[in-house]
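Undergrad: What follows is the file data_8.pdb, containing PDB, N, CA, C and O atoms and all ligand atoms:
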```pdb
ATOM      1  N   MET T  16     -29.788 -62.798  38.295
ATOM      2  CA  MET T  16     -28.650 -62.965  39.188
ATOM      3  C   MET T  16     -29.105 -63.666  40.460
ATOM      4  O   MET T  16     -30.102 -63.284  41.058
ATOM      5  N   ILE T  17     -28.372 -64.715  40.877
ATOM      6  CA  ILE T  17     -28.702 -65.415  42.115
ATOM      7  C   ILE T  17     -28.246 -64.573  43.301
ATOM      8  O   ILE T  17     -27.105 -64.134  43.367
ATOM      9  N   LYS T  18     -29.139 -64.352  44.231
ATOM     10  CA  LYS T  18     -28.814 -63.561  45.418
ATOM     11  C   LYS T  18     -28.452 -64.501  46.559
ATOM     12  O   LYS T  18     -28.281 -65.691  46.369
ATOM     13  N   GLU T  19     -28.370 -63.931  47.746
ATOM     14  CA  GLU T  19     -28.036 -64.717  48.923
ATOM     15  C   GLU T  19     -29.097 -65.778  49.200
ATOM     16  O   GLU T  19     -30.198 -65.723  48.676
ATOM     17  N   SER T  20     -28.742 -66.689  50.100
ATOM     18  CA  SER T  20     -29.696 -67.704  50.533
ATOM     19  C   SER T  20     -30.568 -67.178  51.657
ATOM     20  O   SER T  20     -30.117 -66.398  52.493
ATOM     21  N   VAL T  21     -31.796 -67.616  51.653
ATOM     22  CA  VAL T  21     -32.697 -67.334  52.766
ATOM     23  C   VAL T  21     -33.353 -68.637  53.191
ATOM     24  O   VAL T  21     -33.502 -69.565  52.391
ATOM     25  N   THR T  22     -33.747 -68.694  54.459
ATOM     26  CA  THR T  22     -34.473 -69.853  54.972
ATOM     27  C   THR T  22     -35.820 -69.401  55.504
ATOM     28  O   THR T  22     -35.896 -68.422  56.244
ATOM     29  N   VAL T  23     -36.848 -70.094  55.101
ATOM     30  CA  VAL T  23     -38.197 -69.822  55.594
ATOM     31  C   VAL T  23     -38.635 -71.025  56.414
ATOM     32  O   VAL T  23     -38.634 -72.159  55.921
ATOM     33  N   LEU T  24     -38.972 -70.786  57.677
ATOM     34  CA  LEU T  24     -39.442 -71.848  58.560
ATOM     35  C   LEU T  24     -40.961 -71.804  58.601
ATOM     36  O   LEU T  24     -41.545 -70.805  59.018
ATOM     37  N   GLY T  25     -41.572 -72.859  58.125
ATOM     38  CA  GLY T  25     -43.018 -72.929  58.052
ATOM     39  C   GLY T  25     -43.482 -72.764  56.618
ATOM     40  O   GLY T  25     -43.123 -71.790  55.944
ATOM     41  N   ALA T  26     -44.242 -73.727  56.143
ATOM     42  CA  ALA T  26     -44.741 -73.682  54.762
ATOM     43  C   ALA T  26     -46.259 -73.747  54.740
ATOM     44  O   ALA T  26     -46.863 -74.421  53.916
ATOM     45  N   GLY T  27     -46.865 -73.029  55.674
ATOM     46  CA  GLY T  27     -48.308 -72.829  55.619
ATOM     47  C   GLY T  27     -48.598 -71.727  54.612
ATOM     48  O   GLY T  27     -47.790 -71.453  53.716
ATOM     49  N   SER T  28     -49.730 -71.088  54.762
ATOM     50  CA  SER T  28     -50.105 -70.035  53.808
ATOM     51  C   SER T  28     -49.087 -68.902  53.782
ATOM     52  O   SER T  28     -48.628 -68.467  52.722
ATOM     53  N   MET T  29     -48.732 -68.427  54.972
ATOM     54  CA  MET T  29     -47.807 -67.295  55.047
ATOM     55  C   MET T  29     -46.408 -67.707  54.605
ATOM     56  O   MET T  29     -45.767 -67.010  53.801
ATOM     57  N   GLY T  30     -45.906 -68.815  55.140
ATOM     58  CA  GLY T  30     -44.548 -69.256  54.789
ATOM     59  C   GLY T  30     -44.423 -69.547  53.311
ATOM     60  O   GLY T  30     -43.415 -69.185  52.677
ATOM     61  N   SER T  31     -45.434 -70.171  52.738
ATOM     62  CA  SER T  31     -45.378 -70.488  51.303
ATOM     63  C   SER T  31     -45.399 -69.216  50.463
ATOM     64  O   SER T  31     -44.686 -69.122  49.453
ATOM     65  N   ALA T  32     -46.195 -68.240  50.880
ATOM     66  CA  ALA T  32     -46.235 -66.978  50.134
ATOM     67  C   ALA T  32     -44.890 -66.264  50.216
ATOM     68  O   ALA T  32     -44.380 -65.752  49.203
ATOM     69  N   LEU T  33     -44.303 -66.259  51.413
ATOM     70  CA  LEU T  33     -43.002 -65.604  51.571
ATOM     71  C   LEU T  33     -41.924 -66.331  50.777
ATOM     72  O   LEU T  33     -41.122 -65.703  50.068
ATOM     73  N   ALA T  34     -41.890 -67.649  50.893
ATOM     74  CA  ALA T  34     -40.888 -68.415  50.159
ATOM     75  C   ALA T  34     -41.065 -68.230  48.649
ATOM     76  O   ALA T  34     -40.083 -68.096  47.908
ATOM     77  N   GLY T  35     -42.309 -68.203  48.199
ATOM     78  CA  GLY T  35     -42.562 -67.981  46.773
ATOM     79  C   GLY T  35     -42.067 -66.619  46.313
ATOM     80  O   GLY T  35     -41.521 -66.478  45.220
ATOM     81  N   ALA T  36     -42.230 -65.621  47.177
ATOM     82  CA  ALA T  36     -41.757 -64.276  46.835
ATOM     83  C   ALA T  36     -40.232 -64.249  46.771
ATOM     84  O   ALA T  36     -39.654 -63.612  45.877
ATOM     85  N   PHE T  37     -39.584 -64.935  47.707
ATOM     86  CA  PHE T  37     -38.105 -64.995  47.671
ATOM     87  C   PHE T  37     -37.636 -65.699  46.398
ATOM     88  O   PHE T  37     -36.681 -65.253  45.740
ATOM     89  N   LEU T  38     -38.293 -66.805  46.043
ATOM     90  CA  LEU T  38     -37.918 -67.518  44.817
ATOM     91  C   LEU T  38     -38.092 -66.615  43.600
ATOM     92  O   LEU T  38     -37.216 -66.540  42.736
ATOM     93  N   ALA T  39     -39.204 -65.917  43.556
ATOM     94  CA  ALA T  39     -39.482 -65.043  42.414
ATOM     95  C   ALA T  39     -38.470 -63.907  42.317
ATOM     96  O   ALA T  39     -38.186 -63.410  41.225
ATOM     97  N   ALA T  40     -37.921 -63.532  43.482
ATOM     98  CA  ALA T  40     -36.939 -62.440  43.501
ATOM     99  C   ALA T  40     -35.515 -62.945  43.285
ATOM    100  O   ALA T  40     -34.569 -62.159  43.316
ATOM    101  N   GLY T  41     -35.353 -64.257  43.089
ATOM    102  CA  GLY T  41     -34.044 -64.786  42.731
ATOM    103  C   GLY T  41     -33.190 -65.267  43.881
ATOM    104  O   GLY T  41     -32.000 -65.550  43.693
ATOM    105  N   TYR T  42     -33.762 -65.379  45.065
ATOM    106  CA  TYR T  42     -32.990 -65.879  46.209
ATOM    107  C   TYR T  42     -32.948 -67.408  46.188
ATOM    108  O   TYR T  42     -33.940 -68.055  45.836
ATOM    109  N   ARG T  43     -31.818 -67.972  46.591
ATOM    110  CA  ARG T  43     -31.756 -69.401  46.879
ATOM    111  C   ARG T  43     -32.577 -69.588  48.150
ATOM    112  O   ARG T  43     -32.223 -69.048  49.201
ATOM    113  N   THR T  44     -33.645 -70.329  48.024
ATOM    114  CA  THR T  44     -34.615 -70.381  49.123
ATOM    115  C   THR T  44     -34.674 -71.775  49.736
ATOM    116  O   THR T  44     -34.912 -72.764  49.040
ATOM    117  N   HIS T  45     -34.434 -71.823  51.047
ATOM    118  CA  HIS T  45     -34.480 -73.072  51.798
ATOM    119  C   HIS T  45     -35.725 -73.043  52.675
ATOM    120  O   HIS T  45     -36.054 -72.000  53.255
ATOM    121  N   VAL T  46     -36.395 -74.163  52.751
ATOM    122  CA  VAL T  46     -37.613 -74.207  53.541
ATOM    123  C   VAL T  46     -37.622 -75.423  54.455
ATOM    124  O   VAL T  46     -37.031 -76.461  54.173
ATOM    125  N   TRP T  47     -38.282 -75.261  55.576
ATOM    126  CA  TRP T  47     -38.550 -76.358  56.500
ATOM    127  C   TRP T  47     -39.993 -76.211  56.951
ATOM    128  O   TRP T  47     -40.495 -75.099  57.121
ATOM    129  N   ASN T  48     -40.657 -77.336  57.111
ATOM    130  CA  ASN T  48     -41.995 -77.337  57.691
ATOM    131  C   ASN T  48     -42.127 -78.565  58.579
ATOM    132  O   ASN T  48     -41.579 -79.625  58.266
ATOM    133  N   ARG T  49     -42.825 -78.405  59.698
ATOM    134  CA  ARG T  49     -43.003 -79.536  60.620
ATOM    135  C   ARG T  49     -43.517 -80.765  59.874
ATOM    136  O   ARG T  49     -43.003 -81.869  60.054
ATOM    137  N   THR T  50     -44.516 -80.548  59.023
ATOM    138  CA  THR T  50     -45.019 -81.635  58.172
ATOM    139  C   THR T  50     -44.303 -81.517  56.831
ATOM    140  O   THR T  50     -44.668 -80.694  55.979
ATOM    141  N   HIS T  51     -43.253 -82.328  56.683
ATOM    142  CA  HIS T  51     -42.343 -82.145  55.552
ATOM    143  C   HIS T  51     -43.054 -82.195  54.197
ATOM    144  O   HIS T  51     -42.715 -81.436  53.287
ATOM    145  N   ALA T  52     -44.059 -83.056  54.069
ATOM    146  CA  ALA T  52     -44.745 -83.226  52.779
ATOM    147  C   ALA T  52     -45.339 -81.917  52.266
ATOM    148  O   ALA T  52     -45.525 -81.734  51.062
ATOM    149  N   ARG T  53     -45.624 -81.020  53.186
ATOM    150  CA  ARG T  53     -46.242 -79.753  52.801
ATOM    151  C   ARG T  53     -45.267 -78.837  52.047
ATOM    152  O   ARG T  53     -45.677 -77.805  51.514
ATOM    153  N   THR T  54     -43.987 -79.176  52.028
ATOM    154  CA  THR T  54     -43.016 -78.363  51.297
ATOM    155  C   THR T  54     -42.963 -78.744  49.813
ATOM    156  O   THR T  54     -42.268 -78.079  49.046
ATOM    157  N   ALA T  55     -43.694 -79.772  49.406
ATOM    158  CA  ALA T  55     -43.596 -80.282  48.020
ATOM    159  C   ALA T  55     -43.840 -79.207  46.951
ATOM    160  O   ALA T  55     -43.073 -79.125  45.986
ATOM    161  N   PRO T  56     -44.859 -78.365  47.082
ATOM    162  CA  PRO T  56     -45.054 -77.343  46.037
ATOM    163  C   PRO T  56     -43.876 -76.370  45.941
ATOM    164  O   PRO T  56     -43.519 -75.935  44.846
ATOM    165  N   LEU T  57     -43.285 -76.044  47.092
ATOM    166  CA  LEU T  57     -42.141 -75.126  47.061
ATOM    167  C   LEU T  57     -40.918 -75.814  46.453
ATOM    168  O   LEU T  57     -40.135 -75.182  45.738
ATOM    169  N   LEU T  58     -40.781 -77.089  46.721
ATOM    170  CA  LEU T  58     -39.692 -77.868  46.108
ATOM    171  C   LEU T  58     -39.840 -77.827  44.589
ATOM    172  O   LEU T  58     -38.878 -77.565  43.858
ATOM    173  N   ARG T  59     -41.059 -78.027  44.122
ATOM    174  CA  ARG T  59     -41.301 -77.991  42.666
ATOM    175  C   ARG T  59     -41.046 -76.592  42.102
ATOM    176  O   ARG T  59     -40.683 -76.442  40.933
ATOM    177  N   ALA T  60     -41.212 -75.581  42.920
ATOM    178  CA  ALA T  60     -41.005 -74.195  42.469
ATOM    179  C   ALA T  60     -39.536 -73.782  42.522
ATOM    180  O   ALA T  60     -39.205 -72.660  42.134
ATOM    181  N   GLY T  61     -38.679 -74.684  43.045
ATOM    182  CA  GLY T  61     -37.245 -74.385  43.017
ATOM    183  C   GLY T  61     -36.583 -74.233  44.368
ATOM    184  O   GLY T  61     -35.372 -74.011  44.445
ATOM    185  N   ALA T  62     -37.347 -74.353  45.448
ATOM    186  CA  ALA T  62     -36.749 -74.259  46.783
ATOM    187  C   ALA T  62     -36.047 -75.567  47.137
ATOM    188  O   ALA T  62     -36.290 -76.609  46.518
ATOM    189  N   THR T  63     -35.199 -75.483  48.149
ATOM    190  CA  THR T  63     -34.610 -76.680  48.736
ATOM    191  C   THR T  63     -35.351 -76.955  50.030
ATOM    192  O   THR T  63     -35.428 -76.077  50.905
ATOM    193  N   ALA T  64     -35.927 -78.143  50.135
ATOM    194  CA  ALA T  64     -36.721 -78.487  51.313
ATOM    195  C   ALA T  64     -35.900 -79.382  52.233
ATOM    196  O   ALA T  64     -35.353 -80.399  51.792
ATOM    197  N   HIS T  65     -35.800 -78.976  53.497
ATOM    198  CA  HIS T  65     -34.995 -79.714  54.473
ATOM    199  C   HIS T  65     -35.890 -80.420  55.484
ATOM    200  O   HIS T  65     -36.724 -79.765  56.129
ATOM    201  N   PRO T  66     -35.706 -81.726  55.676
ATOM    202  CA  PRO T  66     -36.465 -82.427  56.713
ATOM    203  C   PRO T  66     -36.032 -82.003  58.120
ATOM    204  O   PRO T  66     -36.809 -82.089  59.063
ATOM    205  N   ASP T  67     -34.774 -81.556  58.252
ATOM    206  CA  ASP T  67     -34.212 -81.204  59.553
ATOM    207  C   ASP T  67     -34.116 -79.684  59.679
ATOM    208  O   ASP T  67     -33.491 -79.017  58.849
ATOM    209  N   ILE T  68     -34.720 -79.133  60.719
ATOM    210  CA  ILE T  68     -34.761 -77.673  60.888
ATOM    211  C   ILE T  68     -33.353 -77.080  61.034
ATOM    212  O   ILE T  68     -33.075 -75.987  60.515
ATOM    213  N   ALA T  69     -32.464 -77.797  61.717
ATOM    214  CA  ALA T  69     -31.100 -77.278  61.900
ATOM    215  C   ALA T  69     -30.391 -77.157  60.558
ATOM    216  O   ALA T  69     -29.651 -76.196  60.310
ATOM    217  N   ASP T  70     -30.611 -78.124  59.690
ATOM    218  CA  ASP T  70     -30.010 -78.064  58.354
ATOM    219  C   ASP T  70     -30.564 -76.872  57.577
ATOM    220  O   ASP T  70     -29.837 -76.199  56.842
ATOM    221  N   ALA T  71     -31.861 -76.618  57.721
ATOM    222  CA  ALA T  71     -32.486 -75.499  57.011
ATOM    223  C   ALA T  71     -31.891 -74.169  57.467
ATOM    224  O   ALA T  71     -31.594 -73.287  56.654
ATOM    225  N   ILE T  72     -31.689 -74.044  58.761
ATOM    226  CA  ILE T  72     -31.118 -72.805  59.298
ATOM    227  C   ILE T  72     -29.663 -72.658  58.860
ATOM    228  O   ILE T  72     -29.239 -71.590  58.406
ATOM    229  N   ALA T  73     -28.908 -73.735  58.951
ATOM    230  CA  ALA T  73     -27.488 -73.675  58.584
ATOM    231  C   ALA T  73     -27.303 -73.355  57.108
ATOM    232  O   ALA T  73     -26.297 -72.758  56.713
ATOM    233  N   ALA T  74     -28.278 -73.707  56.284
ATOM    234  CA  ALA T  74     -28.151 -73.528  54.839
ATOM    235  C   ALA T  74     -28.075 -72.065  54.429
ATOM    236  O   ALA T  74     -27.554 -71.748  53.361
ATOM    237  N   SER T  75     -28.567 -71.176  55.253
ATOM    238  CA  SER T  75     -28.505 -69.763  54.889
ATOM    239  C   SER T  75     -27.826 -68.934  55.968
ATOM    240  O   SER T  75     -28.087 -67.749  56.109
ATOM    241  N   ARG T  76     -26.936 -69.586  56.697
ATOM    242  CA  ARG T  76     -26.198 -68.875  57.750
ATOM    243  C   ARG T  76     -25.316 -67.802  57.124
ATOM    244  O   ARG T  76     -24.680 -68.029  56.089
ATOM    245  N   CYS T  77     -25.279 -66.658  57.759
ATOM    246  CA  CYS T  77     -24.445 -65.559  57.272
ATOM    247  C   CYS T  77     -22.971 -65.965  57.358
ATOM    248  O   CYS T  77     -22.507 -66.424  58.398
ATOM    249  N   THR T  78     -22.259 -65.803  56.280
ATOM    250  CA  THR T  78     -20.845 -66.204  56.263
ATOM    251  C   THR T  78     -19.917 -65.035  56.561
ATOM    252  O   THR T  78     -18.722 -65.215  56.671
ATOM    253  N   SER T  79     -20.485 -63.834  56.692
ATOM    254  CA  SER T  79     -19.618 -62.672  56.924
ATOM    255  C   SER T  79     -19.886 -62.008  58.278
ATOM    256  O   SER T  79     -19.417 -60.903  58.522
ATOM    257  N   CYS T  80     -20.684 -62.671  59.121
ATOM    258  CA  CYS T  80     -20.945 -62.074  60.438
ATOM    259  C   CYS T  80     -20.854 -63.144  61.516
ATOM    260  O   CYS T  80     -20.628 -64.293  61.243
TER     261      CYS T  80
HETATM  262  N1  LIG T 101     -52.530 -66.146  56.229
HETATM  263  C1  LIG T 101     -52.586 -64.824  56.429
HETATM  264  O1  LIG T 101     -53.069 -64.025  55.577
HETATM  265  C2  LIG T 101     -52.037 -64.218  57.708
HETATM  266  C3  LIG T 101     -52.036 -62.828  57.851
HETATM  267  C4  LIG T 101     -51.496 -62.256  58.984
HETATM  268  C5  LIG T 101     -50.974 -63.076  59.990
HETATM  269  N2  LIG T 101     -50.992 -64.410  59.852
HETATM  270  C6  LIG T 101     -50.400 -65.229  60.936
HETATM  271  O2  LIG T 101     -49.311 -65.972  60.416
HETATM  272  C7  LIG T 101     -49.225 -67.207  61.108
HETATM  273  C8  LIG T 101     -49.289 -68.350  60.110
HETATM  274  O3  LIG T 101     -50.504 -68.246  59.396
HETATM  275  P1  LIG T 101     -50.808 -69.165  58.117
HETATM  276  O4  LIG T 101     -51.955 -68.563  57.432
HETATM  277  O5  LIG T 101     -49.537 -69.418  57.364
HETATM  278  O6  LIG T 101     -51.268 -70.516  58.865
HETATM  279  P2  LIG T 101     -51.314 -71.994  58.279
HETATM  280  O7  LIG T 101     -51.452 -72.002  56.794
HETATM  281  O8  LIG T 101     -52.308 -72.723  59.119
HETATM  282  O9  LIG T 101     -49.855 -72.543  58.617
HETATM  283  C9  LIG T 101     -49.465 -72.767  59.940
HETATM  284  C10 LIG T 101     -47.993 -73.136  59.937
HETATM  285  O10 LIG T 101     -47.533 -73.250  61.283
HETATM  286  C11 LIG T 101     -46.983 -74.547  61.463
HETATM  287  N3  LIG T 101     -47.164 -74.988  62.836
HETATM  288  C12 LIG T 101     -48.299 -74.933  63.571
HETATM  289  N4  LIG T 101     -48.067 -75.428  64.792
HETATM  290  C13 LIG T 101     -46.767 -75.790  64.833
HETATM  291  C14 LIG T 101     -45.936 -76.371  65.832
HETATM  292  N5  LIG T 101     -46.392 -76.685  67.058
HETATM  293  N6  LIG T 101     -44.620 -76.618  65.538
HETATM  294  C15 LIG T 101     -44.139 -76.307  64.316
HETATM  295  N7  LIG T 101     -44.879 -75.749  63.312
HETATM  296  C16 LIG T 101     -46.187 -75.505  63.590
HETATM  297  C17 LIG T 101     -47.692 -75.425  60.461
HETATM  298  O11 LIG T 101     -46.965 -76.588  60.227
HETATM  299  P3  LIG T 101     -47.712 -77.936  59.746
HETATM  300  O12 LIG T 101     -47.910 -77.806  58.256
HETATM  301  O13 LIG T 101     -46.765 -79.013  60.122
HETATM  302  O14 LIG T 101     -49.024 -78.031  60.486
HETATM  303  C18 LIG T 101     -47.719 -74.474  59.259
HETATM  304  O15 LIG T 101     -46.462 -74.402  58.624
HETATM  305  C19 LIG T 101     -50.383 -67.247  62.115
HETATM  306  O16 LIG T 101     -49.903 -66.800  63.347
HETATM  307  C20 LIG T 101     -51.365 -66.242  61.519
HETATM  308  O17 LIG T 101     -52.183 -65.688  62.519
HETATM  309  C21 LIG T 101     -51.505 -65.008  58.722
END
```
Just dump the structure as structure tokens.
Ligand SMILES: NC(=O)c1ccc[n+]([C@@H]2O[C@H](COP(=O)([O-])OP(=O)(O)OC[C@H]3O[C@@H](n4cnc5c(N)ncnc54)[C@H](OP(=O)(O)O)[C@@H]3O)[C@@H](O)[C@H]2O)c1
TA:
Amino acid sequence: MIKESVTVLGAGSMGSALAGAFLAAGYRTHVWNRTHARTAPLLRAGATAHPDIADAIAASRCTSC
């Protein structure tokens, strides 16, 4: 079952591990990293990688609050 969207800012070691865990748990996962190319492995794993940080944040904005 697809769960809510989450956004992870930063795709270094910690951000990539967190984003990978969200993907594995079935969340629609959006990622942004200052160096956009570094999001490539997460993109291949099923995340949506945003070049623009505002777009990444808006992608998982709460729609009920
Ligand atoms: N790794 C661990 O096991 C661990 C454990 C506990 C705590 N932490 C803490 O978690 C944090 C991240 O650690 P990490 O291991 O993920 O480090 P990392 O692999 O070196 O990643 C650093 C991340 O921060 C980004 N970054 C650095 N300076 C930035 C700036 N000025 N503006 C925007 N983004 C910037 C980097 O983006 P770029 O790719 O563009 O450089 C990258 O996404 C650190 O504070 C670390 O002390 C890490």
Undergrad: Can you pull out every residue within 12 Å of Val23 (chain T), counting only C-alpha atoms, but drop anything in the same chain fewer than 6 positions away, and send it as an MDAnalysis selection string?
TA: chainID T and resid 29:38 42:49 54 57 62:65 68 70:75
Undergrad: Record the distance separating atom O4 of ligand LIG 101 (chain T) and atom N of Cys77 (chain T), expressed in Å with one decimal.
TA: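 Between atom O4 of ligand LIG 101 (chain T) and atom N of Cys77 (chain T) the gap is 26.7 Å.
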Undergrad: Around region 18-22 of chain T, with edges along x, y and z and 4 Å added on all six sides, what centre and edge lengths do you get, in Å to one decimal, as lines of an AutoDock Vina configuration file?
TA:
```
center_x = -32.0
center_y = -66.7
center_z = 50.2
size_x = 15.9
size_y = 14.3
size_z = 20.0
```
Undergrad: In Å, rounded to a single decimal, give me how far atom N of Thr22 (chain T) is from atom C of Gly41 (chain T).
TA: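 So the two atoms, atom C of Gly41 (chain T) and atom N of Thr22 (chain T), lie 11.1 Å apart.
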Undergrad: Using backbone DSSP assignments, extract all strand (DSSP E or B) residues from chain T; output them as a PyMOL selection string.
TA: chain T and resi 20-24+43-47+63-64
Undergrad: Please produce an output containing N, CA, C and O atoms for each residue in the selection, written as a compact mmCIF listing (two decimals), keeping the file's coordinate frame.
TA:
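Final output, selection.txt:
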```txt
# COMPACT_ATOMS: atom_id res chain seq x y z
N SER T 20 -28.74 -66.69 50.10
CA SER T 20 -29.70 -67.70 50.53
C SER T 20 -30.57 -67.18 51.66
O SER T 20 -30.12 -66.40 52.49
N VAL T 21 -31.80 -67.62 51.65
CA VAL T 21 -32.70 -67.33 52.77
C VAL T 21 -33.35 -68.64 53.19
O VAL T 21 -33.50 -69.56 52.39
N THR T 22 -33.75 -68.69 54.46
CA THR T 22 -34.47 -69.85 54.97
C THR T 22 -35.82 -69.40 55.50
O THR T 22 -35.90 -68.42 56.24
N VAL T 23 -36.85 -70.09 55.10
CA VAL T 23 -38.20 -69.82 55.59
C VAL T 23 -38.64 -71.03 56.41
O VAL T 23 -38.63 -72.16 55.92
N LEU T 24 -38.97 -70.79 57.68
CA LEU T 24 -39.44 -71.85 58.56
C LEU T 24 -40.96 -71.80 58.60
O LEU T 24 -41.54 -70.81 59.02
N ARG T 43 -31.82 -67.97 46.59
CA ARG T 43 -31.76 -69.40 46.88
C ARG T 43 -32.58 -69.59 48.15
O ARG T 43 -32.22 -69.05 49.20
N THR T 44 -33.65 -70.33 48.02
CA THR T 44 -34.62 -70.38 49.12
C THR T 44 -34.67 -71.78 49.74
O THR T 44 -34.91 -72.76 49.04
N HIS T 45 -34.43 -71.82 51.05
CA HIS T 45 -34.48 -73.07 51.80
C HIS T 45 -35.72 -73.04 52.68
O HIS T 45 -36.05 -72.00 53.26
N VAL T 46 -36.40 -74.16 52.75
CA VAL T 46 -37.61 -74.21 53.54
C VAL T 46 -37.62 -75.42 54.46
O VAL T 46 -37.03 -76.46 54.17
N TRP T 47 -38.28 -75.26 55.58
CA TRP T 47 -38.55 -76.36 56.50
C TRP T 47 -39.99 -76.21 56.95
O TRP T 47 -40.49 -75.10 57.12
N THR T 63 -35.20 -75.48 48.15
CA THR T 63 -34.61 -76.68 48.74
C THR T 63 -35.35 -76.96 50.03
O THR T 63 -35.43 -76.08 50.90
N ALA T 64 -35.93 -78.14 50.14
CA ALA T 64 -36.72 -78.49 51.31
C ALA T 64 -35.90 -79.38 52.23
O ALA T 64 -35.35 -80.40 51.79
```
Undergrad: Restricting the calculation to all atoms listed in the file, which member of T:Ala40, T:Ala60, T:Ala52, T:Val21 is positioned closest to ligand LIG 101 (chain T)?
TA: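 Nearest to ligand LIG 101 (chain T): T:Ala52.
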Undergrad: What is the distance, in Å and to one decimal place, between CA of Ser20 (chain T) and atom N of Gly61 (chain T)?
TA: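 Distance between the two atoms: 13.6 Å.
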Undergrad: Which residue, T:Pro66, T:Ala55, T:Leu24, T:Lys18, has the smallest gap to ligand LIG 101 (chain T) when you use only C-alpha atoms and all ligand atoms?
TA: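 For ligand LIG 101 (chain T), the nearest of the given residues is T:Leu24.
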Undergrad: Hey, what does DSSP flag as alpha helix (DSSP H) within chain T? Can you give it to me as a list in words?
TA: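 The alpha helix (DSSP H) subset of chain T is Ser28, Met29, Gly30, Ser31, Ala32, Leu33, Ala34, Gly35, Ala36, Phe37, Leu38, Ala39, Ala55, Pro56, Leu57, Leu58, Arg59, Ile68, Ala69, Asp70, Ala71, Ile72 and Ala73 of chain T.
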Undergrad: My list of candidates is T:Ala39, T:Asp67, T:Glu19, T:His51. Which is closest to ligand LIG 101 (chain T) when distances are computed with only C-alpha atoms and all ligand atoms?
TA: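 Smallest separation from ligand LIG 101 (chain T) among the options: T:His51.
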